[in-house]
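Dumped coords-v3.txt below, it's compact mmCIF, C-alpha atoms:
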```txt
# COMPACT_ATOMS: atom_id res chain seq x y z
CA MET A 22 0.00 0.00 0.00
CA ARG A 23 1.42 3.39 -1.00
CA ALA A 24 1.00 6.75 0.66
CA PRO A 25 -0.92 9.21 -1.52
CA ARG A 26 1.28 11.43 -3.68
CA GLN A 27 1.50 15.05 -2.68
CA GLY A 28 0.16 17.48 -5.22
CA ARG A 29 2.81 20.12 -4.63
CA LEU A 30 4.33 22.11 -7.44
CA PRO A 31 8.02 21.67 -8.29
CA ASP A 32 10.47 24.16 -6.77
CA ALA A 33 11.54 26.32 -9.72
CA ARG A 34 13.47 29.55 -9.26
CA GLY A 35 13.98 32.54 -11.49
CA HIS A 36 16.87 32.65 -13.93
CA GLU A 37 18.77 35.26 -11.93
CA GLU A 38 18.48 33.27 -8.70
CA CYS A 39 19.76 30.11 -10.41
CA LEU A 40 22.71 32.02 -11.83
CA LYS A 41 23.45 33.53 -8.44
CA ILE A 42 23.51 30.14 -6.72
CA ILE A 43 25.82 28.73 -9.39
CA SER A 44 28.11 31.77 -9.25
CA LEU A 45 28.56 31.34 -5.47
CA ILE A 46 29.87 27.78 -5.79
CA ARG A 47 33.65 27.96 -5.43
CA HIS A 48 34.71 24.46 -6.48
CA PRO A 49 35.09 24.58 -10.30
CA VAL A 50 34.05 20.95 -10.90
CA ILE A 51 30.90 21.26 -8.75
CA LYS A 52 30.15 24.63 -10.36
CA ALA A 53 30.45 23.06 -13.83
CA CYS A 54 28.18 20.20 -12.75
CA CYS A 55 25.49 22.59 -11.48
CA SER A 56 25.79 24.67 -14.64
CA LEU A 57 25.15 21.55 -16.69
CA LEU A 58 22.20 20.50 -14.50
CA TYR A 59 20.59 23.90 -15.12
CA ALA A 60 21.55 24.32 -18.79
CA CYS A 61 20.31 20.85 -19.80
CA GLY A 62 17.69 20.03 -17.15
CA LEU A 63 19.43 16.92 -15.86
CA ARG A 64 18.64 14.94 -12.75
CA ILE A 65 21.58 15.03 -10.35
CA GLU A 66 22.31 11.31 -10.78
CA GLU A 67 22.35 11.76 -14.57
CA GLY A 68 24.77 14.66 -14.30
CA VAL A 69 27.34 13.37 -11.81
CA SER A 70 27.64 9.99 -13.53
CA LEU A 71 28.41 11.32 -17.02
CA ALA A 72 31.56 10.11 -18.74
CA PRO A 73 33.66 12.39 -20.97
CA ASP A 74 32.58 10.36 -24.01
CA SER A 75 28.94 11.33 -23.31
CA ILE A 76 29.75 14.56 -25.14
CA ASP A 77 29.82 14.72 -28.92
CA LYS A 78 31.92 17.84 -29.38
CA GLY A 79 31.43 17.84 -33.16
CA HIS A 80 27.66 18.17 -32.84
CA LEU A 81 27.64 19.74 -29.35
CA THR A 82 25.29 17.11 -28.00
CA LEU A 83 25.10 15.24 -24.73
CA ARG A 84 24.04 11.60 -24.47
CA VAL A 85 22.22 11.01 -21.19
CA ILE A 86 21.04 7.71 -19.73
CA GLY A 87 18.08 8.55 -17.50
CA LYS A 88 15.51 6.78 -15.39
CA GLY A 89 14.59 3.32 -16.57
CA ASP A 90 17.82 3.15 -18.60
CA LYS A 91 16.24 5.45 -21.21
CA GLU A 92 18.65 7.32 -23.44
CA ARG A 93 18.14 10.85 -24.69
CA LEU A 94 20.29 13.17 -26.77
CA LEU A 95 20.36 16.82 -25.71
CA PRO A 96 21.84 19.93 -27.29
CA LEU A 97 24.83 21.18 -25.29
CA PRO A 98 25.33 24.96 -25.22
CA LEU A 99 28.82 25.95 -26.37
CA SER A 100 29.51 28.01 -23.23
CA VAL A 101 28.66 25.03 -21.01
CA TYR A 102 30.82 22.72 -23.16
CA GLN A 103 33.77 25.08 -22.69
CA MET A 104 33.18 25.18 -18.92
CA LEU A 105 33.03 21.38 -18.81
CA ARG A 106 36.34 21.12 -20.72
CA HIS A 107 37.99 23.49 -18.27
CA ALA A 108 36.65 21.61 -15.23
CA TRP A 109 37.64 18.22 -16.68
CA ARG A 110 41.19 19.42 -17.27
CA LEU A 111 41.52 19.93 -13.50
CA HIS A 112 41.31 16.18 -12.88
CA ARG A 113 41.61 14.49 -16.34
CA ASN A 114 39.70 11.40 -15.24
CA ALA A 115 39.09 9.27 -18.36
CA ARG A 116 35.95 7.64 -16.88
CA CYS A 117 34.24 10.59 -15.17
CA LEU A 118 33.29 14.03 -16.38
CA PHE A 119 32.94 15.20 -12.78
CA SER A 120 35.60 13.87 -10.43
CA GLN A 121 38.09 15.18 -7.91
CA SER A 122 41.07 13.11 -9.07
CA ILE A 123 42.48 11.40 -12.13
CA ASP A 124 41.59 7.90 -10.94
CA GLY A 125 38.83 8.57 -8.41
CA PRO A 126 35.09 8.01 -8.66
CA HIS A 127 32.64 10.57 -9.97
CA LEU A 128 31.33 13.25 -7.62
CA SER A 129 28.64 11.94 -5.34
CA PRO A 130 25.18 13.49 -5.53
CA ASP A 131 25.54 14.32 -1.81
CA THR A 132 28.68 16.38 -2.48
CA VAL A 133 26.79 18.50 -5.01
CA ARG A 134 23.73 18.78 -2.74
CA ASP A 135 25.89 19.87 0.18
CA ALA A 136 27.62 22.53 -1.94
CA VAL A 137 24.31 24.00 -3.15
CA GLU A 138 22.86 23.92 0.35
CA ALA A 139 25.96 25.61 1.82
CA VAL A 140 26.02 28.52 -0.66
CA CYS A 141 22.28 29.10 -0.20
CA LYS A 142 22.65 29.19 3.56
CA GLU A 143 25.72 31.44 3.35
CA ALA A 144 24.00 33.90 0.99
CA GLY A 145 20.65 33.88 2.78
CA ILE A 146 18.87 32.28 -0.18
CA ARG A 147 15.87 30.08 0.53
CA HIS A 148 16.89 26.40 0.76
CA ALA A 149 17.53 24.86 -2.65
CA THR A 150 18.65 21.52 -4.02
CA PRO A 151 20.34 20.63 -7.31
CA HIS A 152 17.00 19.21 -8.51
CA MET A 153 15.66 22.76 -8.41
CA PHE A 154 17.89 23.48 -11.43
CA ARG A 155 15.98 20.82 -13.41
CA HIS A 156 12.63 22.33 -12.47
CA SER A 157 13.89 25.81 -13.33
CA PHE A 158 15.18 24.60 -16.71
CA ALA A 159 11.75 23.21 -17.68
CA THR A 160 10.05 26.40 -16.54
CA ARG A 161 12.47 28.55 -18.61
CA LEU A 162 11.80 26.49 -21.74
CA LEU A 163 8.05 26.95 -21.36
CA GLU A 164 8.48 30.68 -20.67
CA TYR A 165 10.47 30.98 -23.90
CA GLY A 166 7.62 29.33 -25.80
CA VAL A 167 9.04 25.83 -26.32
CA ASP A 168 6.23 23.37 -27.04
CA LEU A 169 5.21 21.14 -24.11
CA GLY A 170 5.93 17.97 -26.12
CA LYS A 171 9.47 19.11 -26.85
CA VAL A 172 10.03 19.97 -23.19
CA ARG A 173 8.83 16.46 -22.33
CA LEU A 174 11.48 14.99 -24.62
CA MET A 175 14.22 17.20 -23.16
CA MET A 176 13.24 16.20 -19.63
CA GLY A 177 12.98 12.49 -20.45
CA HIS A 178 9.43 12.25 -19.08
CA ALA A 179 7.34 9.25 -20.12
CA SER A 180 4.11 11.25 -19.95
CA VAL A 181 3.27 14.79 -21.01
CA SER A 182 1.15 15.10 -17.85
CA THR A 183 4.36 15.01 -15.80
CA THR A 184 5.78 17.88 -17.86
CA ALA A 185 2.50 19.81 -17.70
CA ARG A 186 3.14 20.49 -13.99
CA TYR A 187 5.62 23.15 -15.07
CA THR A 188 2.99 25.22 -16.86
CA HIS A 189 1.76 26.37 -13.43
CA LEU A 190 5.14 27.93 -12.75
CA THR A 191 5.64 30.13 -15.79
CA ASP A 192 5.40 33.89 -15.38
CA THR A 193 4.17 34.18 -18.97
CA LEU A 194 1.17 31.92 -18.35
CA ARG A 195 0.30 33.62 -15.06
CA GLU A 196 0.38 37.06 -16.67
CA GLU A 197 -1.75 35.89 -19.60
CA ILE A 198 -4.34 34.43 -17.25
CA ARG A 199 -4.18 37.46 -14.95
CA GLY A 200 -5.20 39.68 -17.90
CA VAL A 201 -8.25 37.53 -18.61
CA MET A 202 -9.18 37.36 -14.91
CA ASP A 203 -8.83 41.12 -14.51
CA ARG A 204 -11.28 41.65 -17.39
CA PHE A 205 -14.02 39.39 -16.07
CA ALA A 206 -13.41 40.14 -12.39
CA ALA A 207 -13.92 43.86 -13.03
CA ASP A 208 -17.56 43.07 -13.84
CA CYS A 209 -17.95 41.34 -10.45
CA VAL A 210 -17.23 44.47 -8.45
CA ARG A 211 -19.67 46.78 -10.26
```
For this file, produce the structure as structure tokens.
Amino acid sequence: MRAPRQGRLPDARGHEECLKIISLIRHPVIKACCSLLYACGLRIEEGVSLAPDSIDKGHLTLRVIGKGDKERLLPLPLSVYQMLRHAWRLHRNARCLFSQSIDGPHLSPDTVRDAVEAVCKEAGIRHATPHMFRHSFATRLLEYGVDLGKVRLMMGHASVSTTARYTHLTDTLREEIRGVMDRFAADCVR
């Protein structure tokens, strides 16, 4: 028997707040990891476990193995690719994109979570987790007018109803609806 699922909305932050959190992270490998989580909407486990050969530098794409061993191919922004190259050169681990040594394991999700939590606490920013970058990514895509079906593919969701949760978070949608509500609510107060 399962407990009922909570109907809470995902924790998505504004673009500036996401950038601020990332900018406060001092460790260059963790900073690069968080930048990738936000720029590509990855789950933390997907991000930390990437290998250098997950990147196709010729096409600037990223091959991600997600939940249920499902594979998806994502566009990789050039600026993020360059940041990843710089961070990788600090450890040069042939098996891990995000590591702290040449022969060590990949960063643990807890290491990244702790770093994000620490900078938020230090800067007085409301508690955040690396998964918040994924939610924020989906919200940004919808705000910029990317079709819900395409966002679903980018996120690796099996169902569009999972992706549809992000429509509640977009400023664009709220403002559009607010305009309609203002028009018909004005008649209510006459």
Exercise. Can you tell me how far CA of Tyr187 (chain A) sits from CA of Glu164 (chain A), in Å to one decimal?
Worked result: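 These two atoms are separated by 9.8 Å.
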For this session: Could you give me, as a list in words, the residues that have an atom at most 7 Å away from the point (14.0, 22.8, -8.8) in the coordinates of the file, using only C-alpha atoms?
Result: Pro31, Asp32, Ala33, Arg34, Thr150, Pro151, His152, Met153, Phe154, Arg155, His156 and Ser157 of chain A
Exercise. Closest to Ile146 (chain A) among A:Arg113, A:Lys171, A:His107, A:Lys41, using all atoms listed in the file?
Worked result: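 Under the stated criterion, the closest residue is A:Lys41.
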Exercise. Of the candidates A:Val181, A:Cys39, A:Ile123, A:Val101, which shows the shortest atom-to-atom distance to Ile76 (chain A), using all atoms listed in the file?
Worked result: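 Checking each of A:Val181, A:Cys39, A:Ile123, A:Val101 against Ile76 (chain A), counting all atoms listed in the file, the winner is A:Val101.
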Exercise. What is the distance, in Å and to one decimal place, between CA of Ser44 (chain A) and CA of Glu138 (chain A)?
Worked result: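 These atoms are spaced 13.5 Å apart.
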Exercise. What is the distance between CA of Ala72 (chain A) and CA of Leu118 (chain A), in Å to one decimal?
Worked result: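 That distance, rounded to one decimal, is 4.9 Å.
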Problem set entry | Residue list as a list of chain:residue names for point (27.4, 18.8, -2.3), cut-off 12 Å, all atoms listed in the file |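 Within the cut-off we find A:Ile46, A:Arg47, A:His48, A:Val50, A:Ile51, A:Lys52, A:Cys54, A:Cys55, A:Ile65, A:Val69, A:Leu128, A:Ser129, A:Pro130, A:Asp131, A:Thr132, A:Val133, A:Arg134, A:Asp135, A:Ala136, A:Val137, A:Glu138, A:Ala139, A:Val140, A:Cys141, A:Ala149, A:Thr150, A:Pro151.
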